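Text of protein_1.txt, listed as compact mmCIF, C-alpha atoms and all ligand atoms:
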```
# COMPACT_ATOMS: atom_id res chain seq x y z
CA MET A 1 66.35 89.70 223.29
CA ASP A 2 67.30 89.11 226.94
CA ARG A 3 64.55 87.91 229.22
CA GLY A 4 63.34 90.66 231.58
CA ARG A 5 63.34 90.71 235.36
CA PHE A 6 60.36 89.85 237.54
CA ILE A 7 60.02 92.76 239.96
CA ALA A 8 57.83 92.01 242.97
CA VAL A 9 56.40 95.29 244.26
CA VAL A 10 55.54 94.98 247.95
CA GLY A 11 54.76 97.16 250.92
CA PRO A 12 51.94 98.05 253.27
CA SER A 13 48.46 98.84 252.04
CA GLY A 14 48.27 102.45 250.87
CA VAL A 15 52.02 102.90 250.39
CA GLY A 16 51.52 103.44 246.65
CA LYS A 17 52.37 100.13 244.97
CA ASP A 18 49.82 100.44 242.15
CA SER A 19 50.53 104.17 241.67
CA VAL A 20 54.29 103.63 241.44
CA MET A 21 53.87 100.70 239.04
CA ALA A 22 51.60 102.72 236.73
CA ALA A 23 53.95 105.72 236.83
CA LEU A 24 56.97 103.55 236.02
CA GLU A 25 55.19 101.94 233.08
CA ALA A 26 54.18 105.39 231.78
CA ALA A 27 57.69 106.79 232.23
CA ASP A 28 59.74 103.99 230.71
CA PRO A 29 58.72 101.47 228.00
CA ARG A 30 61.14 98.96 229.50
CA PHE A 31 58.59 98.31 232.26
CA ALA A 32 55.33 96.39 231.94
CA THR A 33 52.79 95.79 234.70
CA VAL A 34 50.94 92.57 235.42
CA ARG A 35 47.12 92.65 235.26
CA ARG A 36 46.09 90.55 238.25
CA VAL A 37 43.08 88.28 238.60
CA ILE A 38 41.20 89.15 241.83
CA THR A 39 37.96 88.03 243.48
CA ARG A 40 37.09 91.69 244.06
CA ALA A 41 33.94 93.38 242.78
CA PRO A 42 34.58 94.65 239.25
CA GLU A 43 33.56 98.22 240.05
CA ALA A 44 35.90 98.70 243.04
CA GLY A 45 38.32 100.84 241.06
CA GLY A 46 42.01 101.50 241.62
CA GLU A 47 44.30 99.20 239.63
CA ASP A 48 43.19 97.56 236.36
CA TYR A 49 42.41 93.91 237.25
CA GLU A 50 40.35 90.97 236.00
CA ALA A 51 37.46 90.51 238.40
CA VAL A 52 36.34 86.89 238.89
CA SER A 53 34.07 84.98 241.26
CA GLU A 54 35.44 82.58 243.90
CA THR A 55 34.32 79.68 241.70
CA GLY A 56 35.94 81.17 238.64
CA PHE A 57 39.17 81.74 240.53
CA ALA A 58 39.23 78.17 241.84
CA ARG A 59 38.66 76.84 238.34
CA MET A 60 41.49 78.97 236.92
CA GLU A 61 43.78 77.87 239.73
CA ALA A 62 42.99 74.19 239.08
CA GLU A 63 43.64 74.67 235.36
CA GLY A 64 47.10 76.10 236.02
CA ALA A 65 46.22 79.64 234.89
CA PHE A 66 48.41 81.27 237.55
CA ALA A 67 52.17 81.57 237.96
CA LEU A 68 51.48 82.59 241.57
CA SER A 69 48.35 82.85 243.66
CA TRP A 70 47.54 83.75 247.27
CA ARG A 71 44.84 84.98 249.62
CA ALA A 72 44.79 88.21 251.64
CA HIS A 73 42.24 90.74 252.87
CA GLY A 74 39.51 88.11 252.31
CA LEU A 75 40.31 88.07 248.58
CA ALA A 76 42.11 85.67 246.23
CA TYR A 77 44.79 87.05 243.90
CA GLY A 78 46.46 85.44 240.87
CA ILE A 79 49.36 86.36 238.59
CA PRO A 80 48.42 84.99 235.13
CA VAL A 81 50.93 82.71 233.40
CA ALA A 82 50.91 85.29 230.56
CA VAL A 83 53.56 87.04 232.64
CA GLU A 84 56.00 84.62 230.99
CA GLN A 85 55.31 86.25 227.60
CA GLN A 86 55.92 89.73 229.00
CA LEU A 87 59.26 88.54 230.41
CA ALA A 88 60.18 86.76 227.17
CA GLN A 89 59.56 90.03 225.31
CA GLY A 90 62.33 91.54 227.43
CA HIS A 91 60.16 93.62 229.73
CA ASP A 92 61.04 94.24 233.33
CA VAL A 93 57.71 93.12 234.72
CA LEU A 94 56.19 94.81 237.77
CA ALA A 95 53.79 92.73 239.86
CA ASN A 96 51.99 93.80 243.03
CA LEU A 97 52.62 90.85 245.37
CA SER A 98 51.90 89.81 248.94
CA ARG A 99 55.01 89.77 251.11
CA GLY A 100 53.89 86.23 251.97
CA VAL A 101 54.58 84.84 248.48
CA LEU A 102 58.03 86.31 247.90
CA ARG A 103 59.88 83.06 248.48
CA ALA A 104 57.62 81.21 246.06
CA ALA A 105 58.14 84.01 243.53
CA GLN A 106 61.91 83.78 243.87
CA LEU A 107 61.75 80.05 243.14
CA ARG A 108 59.46 80.62 240.15
CA PHE A 109 61.38 83.45 238.44
CA PRO A 110 65.14 83.16 237.75
CA ARG A 111 65.71 86.93 237.41
CA PHE A 112 63.95 88.19 240.53
CA VAL A 113 64.05 91.49 242.44
CA VAL A 114 61.89 92.81 245.29
CA LEU A 115 60.93 96.49 245.21
CA SER A 116 59.92 97.34 248.77
CA LEU A 117 58.06 100.64 249.09
CA THR A 118 57.88 102.40 252.45
CA ALA A 119 56.08 105.34 254.06
CA PRO A 120 55.30 106.30 257.68
CA ALA A 121 52.07 104.99 259.25
CA SER A 122 50.48 108.45 259.27
CA VAL A 123 50.96 108.70 255.48
CA LEU A 124 49.46 105.24 254.94
CA ALA A 125 46.35 106.13 256.94
CA GLN A 126 45.89 109.38 255.06
CA ARG A 127 46.34 107.72 251.65
CA LEU A 128 43.96 104.83 252.37
CA ALA A 129 41.28 107.28 253.47
CA GLY A 130 41.94 109.36 250.34
CA ARG A 131 41.76 106.32 248.04
CA GLY A 132 38.27 105.56 249.31
CA ARG A 133 38.13 101.94 248.11
CA GLU A 134 37.72 100.41 251.60
CA ASP A 135 35.55 101.38 254.57
CA ALA A 136 37.00 102.50 257.92
CA ALA A 137 36.99 98.99 259.46
CA GLU A 138 38.80 97.50 256.46
CA ILE A 139 41.34 100.37 256.49
CA GLU A 140 41.99 99.63 260.17
CA ARG A 141 42.61 95.94 259.38
CA ARG A 142 44.99 96.86 256.55
CA LEU A 143 46.94 99.30 258.75
CA LYS A 144 47.37 96.56 261.38
CA ARG A 145 49.05 94.40 258.74
CA SER A 146 51.51 97.11 257.68
CA GLY A 147 54.42 95.72 259.71
CA PHE A 148 54.30 92.28 258.06
CA PRO A 149 57.98 91.40 257.50
CA ILE A 150 59.80 90.71 254.24
CA PRO A 151 61.59 87.34 254.54
CA GLY A 152 65.37 87.59 254.85
CA GLY A 153 67.87 86.68 252.14
CA LEU A 154 65.98 88.13 249.17
CA PRO A 155 67.39 90.73 246.74
CA VAL A 156 65.54 93.82 248.00
CA ILE A 157 65.59 97.41 246.77
CA GLU A 158 63.91 99.66 249.33
CA VAL A 159 62.51 103.01 248.18
CA ASP A 160 60.65 105.58 250.25
CA ASN A 161 57.35 106.70 248.66
CA SER A 162 56.32 109.29 251.24
CA GLY A 163 57.30 112.14 248.91
CA ALA A 164 56.32 112.98 245.34
CA LEU A 165 55.58 110.12 242.94
CA ASP A 166 58.08 111.54 240.41
CA ASP A 167 60.87 111.32 242.98
CA THR A 168 60.00 107.67 243.66
CA VAL A 169 59.98 106.89 239.93
CA ALA A 170 63.40 108.49 239.51
CA ALA A 171 64.80 106.58 242.50
CA VAL A 172 63.46 103.24 241.25
CA ARG A 173 64.76 103.80 237.72
CA ALA A 174 68.19 104.66 239.10
CA ALA A 175 68.19 101.58 241.33
CA LEU A 176 66.99 99.29 238.54
CA GLN A 177 69.39 100.23 235.75
CA PRO A 178 68.92 97.85 232.79
CA ALA A 179 72.41 96.39 233.16
CA SER A 180 72.10 95.46 236.86
CA ALA A 181 70.93 92.02 237.96
N1 LIG B 1 53.84 109.49 246.11
C1 LIG B 1 52.54 109.73 246.34
N2 LIG B 1 52.14 110.96 246.70
C2 LIG B 1 50.82 111.19 246.95
N3 LIG B 1 49.84 110.28 246.88
C3 LIG B 1 50.18 109.02 246.52
C4 LIG B 1 51.54 108.69 246.24
N4 LIG B 1 51.58 107.36 245.91
C5 LIG B 1 50.30 106.91 246.00
N5 LIG B 1 49.46 107.90 246.36
C6 LIG B 1 47.99 107.81 246.60
O1 LIG B 1 47.83 106.96 247.75
C7 LIG B 1 46.69 106.12 247.60
C8 LIG B 1 47.16 104.65 247.73
O2 LIG B 1 47.95 104.35 246.60
P1 LIG B 1 47.93 102.91 245.92
O3 LIG B 1 48.78 103.00 244.72
O4 LIG B 1 46.52 102.45 245.77
O5 LIG B 1 48.67 102.05 247.07
P2 LIG B 1 48.80 100.48 247.30
O6 LIG B 1 48.63 99.84 245.94
O7 LIG B 1 50.16 100.29 247.86
O8 LIG B 1 47.73 100.13 248.28
C9 LIG B 1 46.08 106.42 246.25
O9 LIG B 1 44.98 107.29 246.43
C10 LIG B 1 47.21 107.13 245.48
O10 LIG B 1 46.74 108.05 244.55
O1 LIG B 2 50.79 90.09 252.50
P1 LIG B 2 50.86 91.57 252.27
O2 LIG B 2 52.21 92.01 251.79
O3 LIG B 2 50.35 92.41 253.40
O4 LIG B 2 49.90 91.87 251.03
C1 LIG B 2 48.55 91.50 251.11
C2 LIG B 2 47.83 91.95 249.89
O5 LIG B 2 47.83 93.40 249.89
C3 LIG B 2 48.00 93.83 248.57
O6 LIG B 2 46.76 93.70 247.94
P2 LIG B 2 45.93 94.89 247.35
O7 LIG B 2 46.71 95.50 246.24
O8 LIG B 2 44.56 94.40 247.07
O9 LIG B 2 45.79 95.91 248.56
P3 LIG B 2 46.46 97.33 248.76
O10 LIG B 2 46.33 98.09 247.45
O11 LIG B 2 45.62 97.95 249.84
O12 LIG B 2 47.88 97.09 249.19
C4 LIG B 2 49.02 92.83 248.05
O13 LIG B 2 49.06 92.83 246.66
C5 LIG B 2 48.52 91.53 248.59
O14 LIG B 2 47.57 90.95 247.73
```

I need this file expressed as structure tokens, please.
Ligand SMILES: Nc1ncnc2c1ncn2[C@@H]1O[C@H](COP(=O)(O)OP(=O)(O)O)[C@@H](O)[C@H]1O
Ligand SMILES: O=P(O)(O)OC[C@H]1O[C@H](OP(=O)(O)OP(=O)(O)O)[C@H](O)[C@@H]1O
Amino acid sequence: MDRGRFIAVVGPSGVGKDSVMAALEAADPRFATVRRVITRAPEAGGEDYEAVSETGFARMEAEGAFALSWRAHGLAYGIPVAVEQQLAQGHDVLANLSRGVLRAAQLRFPRFVVLSLTAPASVLAQRLAGRGREDAAEIERRLKRSGFPIPGGLPVIEVDNSGALDDTVAAVRAALQPASA
């Protein structure tokens, strides 16, 4: 079986990264999502993640448990090395990444694509408020970060997620045909 692609899903907070990833996985068995390790309280909700303490995260990092790790929003995030098994099984693996680690991800994964999701600022604000995971001050901080650039020279597929989730799923599946790089 051919090794799958590592698909880095990026975009501003609230754009719909986790929702699009879950919908793609539900719509097409070719896709698998990465369960991230995060120093976020276990009951925060949203995506399915492994909640760990700062100490636990540091220990995992030192032991080489992560293919990629980074810090953002006052949290630490890790992509478990088990992602290699998902890729070896032939899955196109979707991982919610910081735009700041894309270059490192490209070096780490030979078959690498960036899925950049977009939506207007007004939609982001509305969705973050609707999600209800962060308070108003944290939402404000996340909105300020929305213009963070994607480094140049990467293979990027840009898809608008301001409309219906089904339309986004169809657009991504069309753009990521199995035969394409
Ligand atoms: N296409 C969409 N249409 C309507 N609501 C959406 C859409 N995509 C995501 N949402 C909602 O927007 C909020 C933020 O989505 P989420 O997937 O958590 O974004 P991100 O992971 O990029 O921060 C959630 O409440 C989610 O249900
Ligand atoms: O460097 P950036 O591209 O701005 O990304 C910063 C962080 O934001 C997202 O995290 P998280 O999923 O916790 O937040 P979100 O759902 O609000 O986007 C993303 O996965 C990064 O960890």

Using all atoms listed in the file, determine which residues fall within 7 Å of ligand LIG 1 (chain B), then list them as a list of chain:residue names.
-> A:Gly11, A:Pro12, A:Ser13, A:Gly14, A:Val15, A:Gly16, A:Lys17, A:Asp18, A:Ser19, A:Val20, A:Gly46, A:Arg127, A:Leu128, A:Gly130, A:Arg131, A:Asn161, A:Ser162, A:Gly163, A:Ala164, A:Leu165, A:Thr168

What is the distance between atom CA of A:Leu176 and atom CA of A:Ile157, in Å to one decimal?
-> 8.6 Å

How close does chain A get to ligand LIG 2 (chain B)? List, as JSON lines, each residue of chain A within 7 Å, its nearest atom pair and the distance in Å to one decimal, counting all atoms listed in the file.
```
{"residue": "A:Val10", "atom": "CA", "partner": "B:LIG2", "partner_atom": "O2", "distance": 5.9}
{"residue": "A:Gly11", "atom": "CA", "partner": "B:LIG2", "partner_atom": "O2", "distance": 5.8}
{"residue": "A:Pro12", "atom": "CA", "partner": "B:LIG2", "partner_atom": "O12", "distance": 5.8}
{"residue": "A:Ser13", "atom": "CA", "partner": "B:LIG2", "partner_atom": "O12", "distance": 3.4}
{"residue": "A:Gly14", "atom": "CA", "partner": "B:LIG2", "partner_atom": "O11", "distance": 5.3}
{"residue": "A:Lys17", "atom": "CA", "partner": "B:LIG2", "partner_atom": "O10", "distance": 6.8}
{"residue": "A:Asp18", "atom": "CA", "partner": "B:LIG2", "partner_atom": "O10", "distance": 6.8}
{"residue": "A:Arg71", "atom": "CA", "partner": "B:LIG2", "partner_atom": "O14", "distance": 6.8}
{"residue": "A:Ala72", "atom": "CA", "partner": "B:LIG2", "partner_atom": "C1", "distance": 5.0}
{"residue": "A:His73", "atom": "CA", "partner": "B:LIG2", "partner_atom": "C2", "distance": 6.4}
{"residue": "A:Tyr77", "atom": "CA", "partner": "B:LIG2", "partner_atom": "O14", "distance": 6.1}
{"residue": "A:Asn96", "atom": "CA", "partner": "B:LIG2", "partner_atom": "O13", "distance": 4.8}
{"residue": "A:Leu97", "atom": "CA", "partner": "B:LIG2", "partner_atom": "O13", "distance": 4.3}
{"residue": "A:Ser98", "atom": "CA", "partner": "B:LIG2", "partner_atom": "O4", "distance": 3.6}
{"residue": "A:Arg99", "atom": "CA", "partner": "B:LIG2", "partner_atom": "O2", "distance": 3.6}
{"residue": "A:Gly100", "atom": "CA", "partner": "B:LIG2", "partner_atom": "O1", "distance": 5.0}
{"residue": "A:Arg142", "atom": "CA", "partner": "B:LIG2", "partner_atom": "O11", "distance": 6.8}
{"residue": "A:Arg145", "atom": "CA", "partner": "B:LIG2", "partner_atom": "O3", "distance": 5.8}
{"residue": "A:Ser146", "atom": "CA", "partner": "B:LIG2", "partner_atom": "O3", "distance": 6.5}
{"residue": "A:Phe148", "atom": "CA", "partner": "B:LIG2", "partner_atom": "O3", "distance": 6.1}
```

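Minimum distance to A:Thr55 across A:Val81, A:Ala67, A:Val34, A:Ala76 (counting only C-alpha atoms) occurs at A:Ala76.
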
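Of the listed residues (A:Ala27, A:Ile150, A:Ala88, A:Ile38), A:Ile150 comes nearest to A:Leu115; the distances count only C-alpha atoms.
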
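Distance annotation: of A:Asp166, A:Glu84, A:Asp2, A:Glu138, the residue with the minimal separation from A:Phe66 is A:Glu84; atom set is all atoms listed in the file.
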
Calculate how many Å separate atom CA of A:Val114 from atom CA of A:Gly78, rounding to one decimal.
-> 17.7 Å

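What separates atom CA of A:Val169 from atom CA of A:Gly132 is a distance of 23.7 Å.
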